[in-house]
file entry_21.csv (CSV, C-alpha atoms and all ligand atoms)
chain,number,residue,atom,x,y,z
A,1,MET,CA,-29.4,-127.6,126.4
A,2,THR,CA,-31.1,-130.8,125.1
A,3,ARG,CA,-32.2,-131.2,121.6
A,4,GLY,CA,-34.6,-133.9,120.4
A,5,ILE,CA,-34.2,-135.8,117.2
A,6,ASN,CA,-37.3,-134.1,115.8
A,7,ASP,CA,-36.2,-130.6,116.9
A,8,GLN,CA,-35.8,-128.9,113.6
A,9,LYS,CA,-34.3,-125.8,115.1
A,10,LEU,CA,-31.1,-125.0,113.2
A,11,THR,CA,-27.9,-123.5,114.6
A,12,ILE,CA,-25.8,-121.8,111.9
A,13,ALA,CA,-22.1,-121.1,112.6
A,14,MET,CA,-21.0,-117.9,110.8
A,15,PRO,CA,-17.4,-116.8,110.5
A,16,LYS,CA,-16.4,-113.4,111.9
A,17,GLY,CA,-13.8,-111.7,109.7
A,18,ARG,CA,-13.0,-111.5,106.0
A,19,ILE,CA,-16.1,-113.2,104.6
A,20,PHE,CA,-18.6,-112.1,107.3
A,21,GLU,CA,-20.2,-109.1,105.5
A,22,GLU,CA,-20.5,-110.8,102.1
A,23,SER,CA,-22.0,-113.9,103.8
A,24,LEU,CA,-24.5,-111.7,105.7
A,25,VAL,CA,-25.7,-110.1,102.5
A,26,PHE,CA,-26.0,-113.5,100.9
A,27,LEU,CA,-28.1,-114.8,103.8
A,28,GLN,CA,-30.3,-111.7,103.6
A,29,GLN,CA,-30.7,-112.2,99.8
A,30,SER,CA,-31.7,-115.8,100.5
A,31,GLY,CA,-34.6,-114.5,102.6
A,32,LEU,CA,-33.2,-115.4,106.0
A,33,ASN,CA,-34.3,-112.8,108.5
A,34,VAL,CA,-30.9,-111.7,109.6
A,35,THR,CA,-30.7,-108.1,110.6
A,36,ALA,CA,-27.8,-105.8,110.3
A,37,ASP,CA,-27.3,-105.8,114.1
A,38,LEU,CA,-25.7,-109.2,113.7
A,39,LYS,CA,-22.7,-107.1,112.4
A,40,GLU,CA,-22.8,-104.6,115.2
A,41,SER,CA,-23.6,-106.9,118.1
A,42,ARG,CA,-21.0,-108.3,120.5
A,43,LYS,CA,-23.3,-111.2,121.2
A,44,LEU,CA,-22.0,-114.5,120.0
A,45,ILE,CA,-25.3,-116.4,120.0
A,46,ILE,CA,-28.1,-114.6,118.1
A,47,PRO,CA,-31.6,-116.0,117.7
A,48,VAL,CA,-33.5,-115.2,114.5
A,49,GLU,CA,-36.9,-113.8,115.4
A,50,GLY,CA,-39.9,-115.7,113.9
A,51,ALA,CA,-37.7,-118.6,112.7
A,52,GLN,CA,-36.4,-121.9,114.1
A,53,LEU,CA,-32.9,-120.5,113.6
A,54,GLU,CA,-30.0,-119.2,115.6
A,55,PHE,CA,-26.5,-117.9,114.7
A,56,ILE,CA,-23.3,-118.6,116.4
A,57,LEU,CA,-20.5,-116.1,115.5
A,58,ALA,CA,-17.2,-117.9,115.5
A,59,LYS,CA,-13.6,-117.5,114.5
A,60,PRO,CA,-13.4,-118.7,110.9
A,61,THR,CA,-11.1,-121.6,111.7
A,62,ASP,CA,-13.4,-122.8,114.4
A,63,VAL,CA,-16.5,-123.0,112.2
A,64,PRO,CA,-15.8,-126.6,110.9
A,65,THR,CA,-15.0,-127.7,114.5
A,66,TYR,CA,-18.4,-126.5,115.8
A,67,VAL,CA,-20.1,-128.2,112.9
A,68,GLU,CA,-18.2,-131.5,113.2
A,69,TYR,CA,-19.1,-131.7,116.9
A,70,GLY,CA,-22.7,-130.8,116.1
A,71,VAL,CA,-23.0,-127.7,118.3
A,72,ALA,CA,-23.8,-126.0,115.1
A,73,ASP,CA,-25.9,-128.0,112.6
A,74,VAL,CA,-24.6,-126.1,109.6
A,75,GLY,CA,-22.0,-123.4,108.8
A,76,VAL,CA,-20.7,-120.9,106.3
A,77,VAL,CA,-16.9,-121.1,105.8
A,78,GLY,CA,-14.1,-120.5,103.3
A,79,LYS,CA,-12.7,-123.4,101.4
A,80,ASP,CA,-9.3,-122.4,102.7
A,81,VAL,CA,-10.4,-123.2,106.2
A,82,LEU,CA,-11.9,-126.5,105.1
A,83,LEU,CA,-8.8,-127.6,103.3
A,84,GLU,CA,-6.6,-126.6,106.3
A,85,GLU,CA,-8.8,-128.0,109.1
A,86,GLU,CA,-9.8,-131.3,107.4
A,87,ARG,CA,-12.8,-131.7,109.6
A,88,ASP,CA,-15.4,-134.5,109.1
A,89,VAL,CA,-18.3,-132.4,107.8
A,90,TYR,CA,-20.5,-132.5,104.6
A,91,GLU,CA,-19.7,-129.8,102.1
A,92,LEU,CA,-23.2,-129.1,100.7
A,93,LEU,CA,-22.8,-126.0,98.5
A,94,ASP,CA,-20.4,-123.7,96.9
A,95,LEU,CA,-22.0,-120.3,97.6
A,96,GLN,CA,-19.7,-118.6,95.0
A,97,ILE,CA,-18.9,-115.7,97.2
A,98,GLY,CA,-15.7,-114.7,99.0
A,99,TYR,CA,-13.5,-115.3,96.0
A,100,CYS,CA,-9.8,-115.4,96.5
A,101,ARG,CA,-6.9,-117.5,95.5
A,102,MET,CA,-4.3,-119.5,97.5
A,103,MET,CA,-0.9,-118.5,96.3
A,104,VAL,CA,2.8,-118.9,96.9
A,105,ALA,CA,4.3,-115.4,97.0
A,106,GLY,CA,7.6,-113.8,97.8
A,107,LEU,CA,10.1,-111.0,97.0
A,108,PRO,CA,10.6,-110.6,93.3
A,109,ASP,CA,14.3,-111.1,93.6
A,110,TRP,CA,13.9,-114.4,95.4
A,111,LYS,CA,16.5,-117.0,94.4
A,112,PRO,CA,15.8,-120.7,95.0
A,113,VAL,CA,17.6,-122.1,98.0
A,114,GLU,CA,17.8,-125.6,99.4
A,115,ALA,CA,14.8,-126.3,101.7
A,116,PRO,CA,13.4,-122.8,101.7
A,117,ARG,CA,11.4,-121.6,104.7
A,118,VAL,CA,7.7,-120.9,103.9
A,119,ALA,CA,5.6,-118.9,106.3
A,120,THR,CA,1.8,-119.4,106.4
A,121,LYS,CA,-1.4,-119.5,108.3
A,122,TYR,CA,-2.1,-122.7,106.4
A,123,PRO,CA,0.6,-125.3,107.3
A,124,ARG,CA,-1.3,-128.3,106.0
A,125,ILE,CA,-2.2,-126.7,102.6
A,126,ALA,CA,1.4,-125.5,102.2
A,127,SER,CA,3.0,-128.9,103.2
A,128,ARG,CA,0.6,-130.8,100.9
A,129,TYR,CA,1.3,-128.4,98.0
A,130,PHE,CA,5.1,-128.6,98.2
A,131,ARG,CA,5.0,-132.3,98.8
A,132,GLU,CA,3.0,-132.7,95.6
A,133,GLN,CA,5.5,-130.5,93.8
A,134,GLY,CA,8.3,-132.7,95.1
A,135,GLN,CA,9.9,-129.8,96.9
A,136,GLN,CA,11.4,-129.9,100.3
A,137,VAL,CA,10.5,-126.9,102.4
A,138,GLU,CA,10.4,-125.9,106.0
A,139,VAL,CA,6.9,-124.7,106.9
A,140,ILE,CA,6.6,-122.0,109.6
A,141,LYS,CA,3.1,-121.5,111.1
A,142,LEU,CA,2.1,-117.9,111.7
A,143,ASN,CA,-1.3,-116.6,112.8
A,144,GLY,CA,-1.5,-113.4,110.7
A,145,SER,CA,0.4,-110.7,108.9
A,146,VAL,CA,2.2,-113.4,107.0
A,147,GLU,CA,3.5,-110.9,104.4
A,148,LEU,CA,5.9,-109.6,107.0
A,149,ALA,CA,7.9,-112.9,107.0
A,150,PRO,CA,9.9,-112.4,103.8
A,151,LEU,CA,10.5,-108.7,104.6
A,152,ILE,CA,12.2,-109.4,107.9
A,153,GLY,CA,14.0,-112.5,106.8
A,154,LEU,CA,11.9,-115.1,108.7
A,155,ALA,CA,10.9,-116.9,105.5
A,156,ASP,CA,11.9,-117.1,101.9
A,157,ARG,CA,8.3,-117.4,100.6
A,158,ILE,CA,4.7,-117.3,101.9
A,159,VAL,CA,1.6,-119.3,101.2
A,160,ASP,CA,-1.5,-117.2,101.7
A,161,ILE,CA,-4.8,-116.2,100.3
A,162,VAL,CA,-4.8,-113.2,97.9
A,163,SER,CA,-8.0,-111.3,97.2
A,164,THR,CA,-7.4,-107.8,95.7
A,165,GLY,CA,-3.6,-108.2,95.8
A,166,GLN,CA,-3.3,-105.0,97.8
A,167,THR,CA,-1.5,-106.5,100.7
A,168,LEU,CA,1.2,-108.1,98.5
A,169,ARG,CA,1.6,-105.0,96.4
A,170,GLU,CA,2.0,-102.7,99.4
A,171,ASN,CA,4.6,-104.9,100.8
A,172,GLY,CA,6.5,-105.3,97.5
A,173,LEU,CA,5.7,-109.0,97.2
A,174,THR,CA,4.7,-110.9,94.0
A,175,GLU,CA,2.5,-113.9,93.3
A,176,MET,CA,4.6,-116.8,92.2
A,177,GLU,CA,2.6,-120.0,92.1
A,178,HIS,CA,-1.2,-120.5,92.1
A,179,ILE,CA,-2.3,-123.3,94.4
A,180,CYS,CA,-6.1,-123.2,94.1
A,181,GLU,CA,-9.2,-121.0,94.0
A,182,ILE,CA,-11.1,-120.4,97.2
A,183,THR,CA,-14.8,-119.7,97.7
A,184,THR,CA,-17.2,-119.8,100.6
A,185,ARG,CA,-19.0,-123.1,101.3
A,186,PHE,CA,-22.1,-124.2,103.1
A,187,ILE,CA,-21.4,-127.2,105.3
A,188,ALA,CA,-23.4,-129.5,107.5
A,189,ASN,CA,-22.9,-131.8,110.5
A,190,ARG,CA,-23.4,-135.4,109.3
A,191,ALA,CA,-26.0,-136.3,111.9
A,192,SER,CA,-27.9,-133.0,111.5
A,193,TYR,CA,-28.0,-133.5,107.8
A,194,ARG,CA,-29.9,-136.8,108.4
A,195,MET,CA,-32.0,-135.8,111.4
A,196,LYS,CA,-32.9,-132.3,110.4
A,197,SER,CA,-32.9,-132.8,106.7
A,198,GLU,CA,-36.0,-130.7,106.1
A,199,ALA,CA,-34.6,-127.7,107.8
A,200,VAL,CA,-31.2,-128.1,106.2
A,201,ASP,CA,-32.7,-128.6,102.7
A,202,ASP,CA,-34.9,-125.6,103.2
A,203,ILE,CA,-31.9,-123.3,103.7
A,204,ALA,CA,-29.9,-125.0,101.0
A,205,ASN,CA,-32.8,-124.4,98.6
A,206,LYS,CA,-32.9,-120.8,99.6
A,207,PHE,CA,-29.2,-120.5,98.9
A,208,LEU,CA,-29.6,-122.2,95.5
A,209,GLN,CA,-32.1,-119.5,94.4
A,210,VAL,CA,-29.5,-116.8,95.0
A,211,ILE,CA,-26.3,-118.5,93.6
A,212,PRO,CA,-27.1,-118.2,89.9
A,213,LYS,CA,-28.3,-114.6,90.2
A,214,ARG,CA,-24.9,-113.6,91.5
A,215,LYS,CA,-22.9,-115.1,88.6
A,301,LIG,C1,-5.9,-112.0,104.4
A,301,LIG,C2,-4.7,-112.6,103.8
A,301,LIG,C3,-3.9,-111.5,103.3
A,301,LIG,C4,-5.0,-110.5,102.8
A,301,LIG,C5,-5.2,-110.6,101.4
A,301,LIG,O1,-5.6,-111.5,105.7
A,301,LIG,O2,-4.0,-113.4,104.8
A,301,LIG,O3,-3.1,-110.9,104.3
A,301,LIG,O4,-6.2,-110.9,103.5
A,301,LIG,O5,-6.2,-109.7,100.9
A,301,LIG,P1,-5.8,-108.7,99.7
A,301,LIG,O6,-5.2,-109.5,98.6
A,301,LIG,O7,-7.2,-108.1,99.3
A,301,LIG,O8,-4.9,-107.6,100.2
A,301,LIG,P2,-6.6,-111.0,106.7
A,301,LIG,O9,-7.2,-109.7,106.3
A,301,LIG,O10,-7.6,-112.1,106.9
A,301,LIG,O11,-5.8,-110.7,108.0
A,301,LIG,P3,-4.5,-111.5,108.7
A,301,LIG,O12,-3.3,-111.2,107.9
A,301,LIG,O13,-4.4,-110.8,110.1
A,301,LIG,O14,-4.9,-112.9,108.8
call {"tool": "encode", "arguments": {"input": "entry_21.csv", "output": "structure tokens"}}
result
Amino acid sequence: MTRGINDQKLTIAMPKGRIFEESLVFLQQSGLNVTADLKESRKLIIPVEGAQLEFILAKPTDVPTYVEYGVADVGVVGKDVLLEEERDVYELLDLQIGYCRMMVAGLPDWKPVEAPRVATKYPRIASRYFREQGQQVEVIKLNGSVELAPLIGLADRIVDIVSTGQTLRENGLTEMEHICEITTRFIANRASYRMKSEAVDDIANKFLQVIPKRK
């Protein structure tokens, strides 16, 4: 598919998963004509009727990749993914949805050991955090169900996002150190931001109308 410089059609990468539903509601409140069937559909590319807009539904960790390479002009993604993936994209807005916190957690009776093992889906964030703390740790990358690791003796602690705290509670783990707050961000490809500035600004302005109302 070829796309001219003046083609103002925008492709938006949306993350399937944790922040999808809240992001969808946010887009609808912003006046974007996204219908609920975006949720039900198994289609991965969804055009928006009557608008120069299409959605790509992506795995959350892939959203910044699509945007960096310009196959999506803009994207909606969690700050956790941005911090972990370190992709070369513009972070335009904090949408102030999808609140959670990046935490170090573990079993309450955890005793400090030399070079503890830390299990996480976020190896870069974890390594950076412990390096800044001057602590030597061994980081073990997992792809999900990280809370299992301390329970079965794979790791001493975990680094993960905590939202309601239910997953930690139900697995007898406690929050130990707060790394940072996480919210959902609106990002743009660097070239799209220049060449499709009107279309990107139009969406950003729509989002800006909704953000204060949600506070
Ligand atoms: C995330 C995170 C925690 C959980 C936290 O996992 O990794 O496991 O949500 O939410 P809570 O504090 O509200 O319980 P996710 O649901 O994305 O699944 P995963 O473990 O398979 O990655």
call {"tool": "residues_near_ligand", "arguments": {"input": "entry_21.csv", "ligand": "ligand LIG 301 (chain A)", "cutoff": "9 Å", "atoms": "all atoms listed in the file", "output": "ChimeraX atom specification"}}
result
/A:17-19,100-101,120-121,143-147,159-170
call {"tool": "closest_residue", "arguments": {"input": "entry_21.csv", "among": "A:Ala13, A:Val137, A:Leu92, A:Ala155", "to": "Arg185 in chain A", "atoms": "all atoms listed in the file"}}
result
A:Leu92
call {"tool": "atom_distance", "arguments": {"input": "entry_21.csv", "atom1": "CA of Gln29 in chain A", "atom2": "CA of Arg194 in chain A"}}
result
26.1 Å
call {"tool": "residues_around", "arguments": {"input": "entry_21.csv", "residues": "range 105-117 of chain A", "least_positions_apart": "6", "cutoff": "8 Å", "atoms": "only C-alpha atoms", "output": "MDAnalysis selection string"}}
result
chainID A and resid 135:140 150:151 154:160 172:177
call {"tool": "closest_residue", "arguments": {"input": "entry_21.csv", "among": "A:Phe55, A:Pro15, A:Lys141, A:Ala188", "to": "Ala204 in chain A", "atoms": "only C-alpha atoms"}}
result
A:Ala188
call {"tool": "closest_residue", "arguments": {"input": "entry_21.csv", "among": "A:Val63, A:Tyr69, A:Gln52, A:Ala149", "to": "Val118 in chain A", "atoms": "all atoms listed in the file"}}
result
A:Ala149
call {"tool": "atom_distance", "arguments": {"input": "entry_21.csv", "atom1": "CA of Leu82 in chain A", "atom2": "CA of Ala51 in chain A"}}
result
28.0 Å
call {"tool": "atom_distance", "arguments": {"input": "entry_21.csv", "atom1": "CA of Lys39 in chain A", "atom2": "CA of Leu10 in chain A"}}
result
19.8 Å
call {"tool": "closest_residue", "arguments": {"input": "entry_21.csv", "among": "A:Pro47, A:Phe186, A:Val200, A:Met102", "to": "Ser23 in chain A", "atoms": "only C-alpha atoms"}}
result
A:Phe186
call {"tool": "residues_around", "arguments": {"input": "entry_21.csv", "residues": "Glu85 in chain A", "least_positions_apart": "4", "cutoff": "8 Å", "atoms": "all atoms listed in the file", "output": "VMD selection string"}}
result
chain A and resid 61 64 81
call {"tool": "axis_aligned_box", "arguments": {"input": "entry_21.csv", "around": "range 8-27 of chain A", "padding_each_side": "5 Å", "output": "lines of an AutoDock Vina configuration file"}}
result
center_x = -24.4
center_y = -119.0
center_z = 108.0
size_x = 32.8
size_y = 29.8
size_z = 24.2
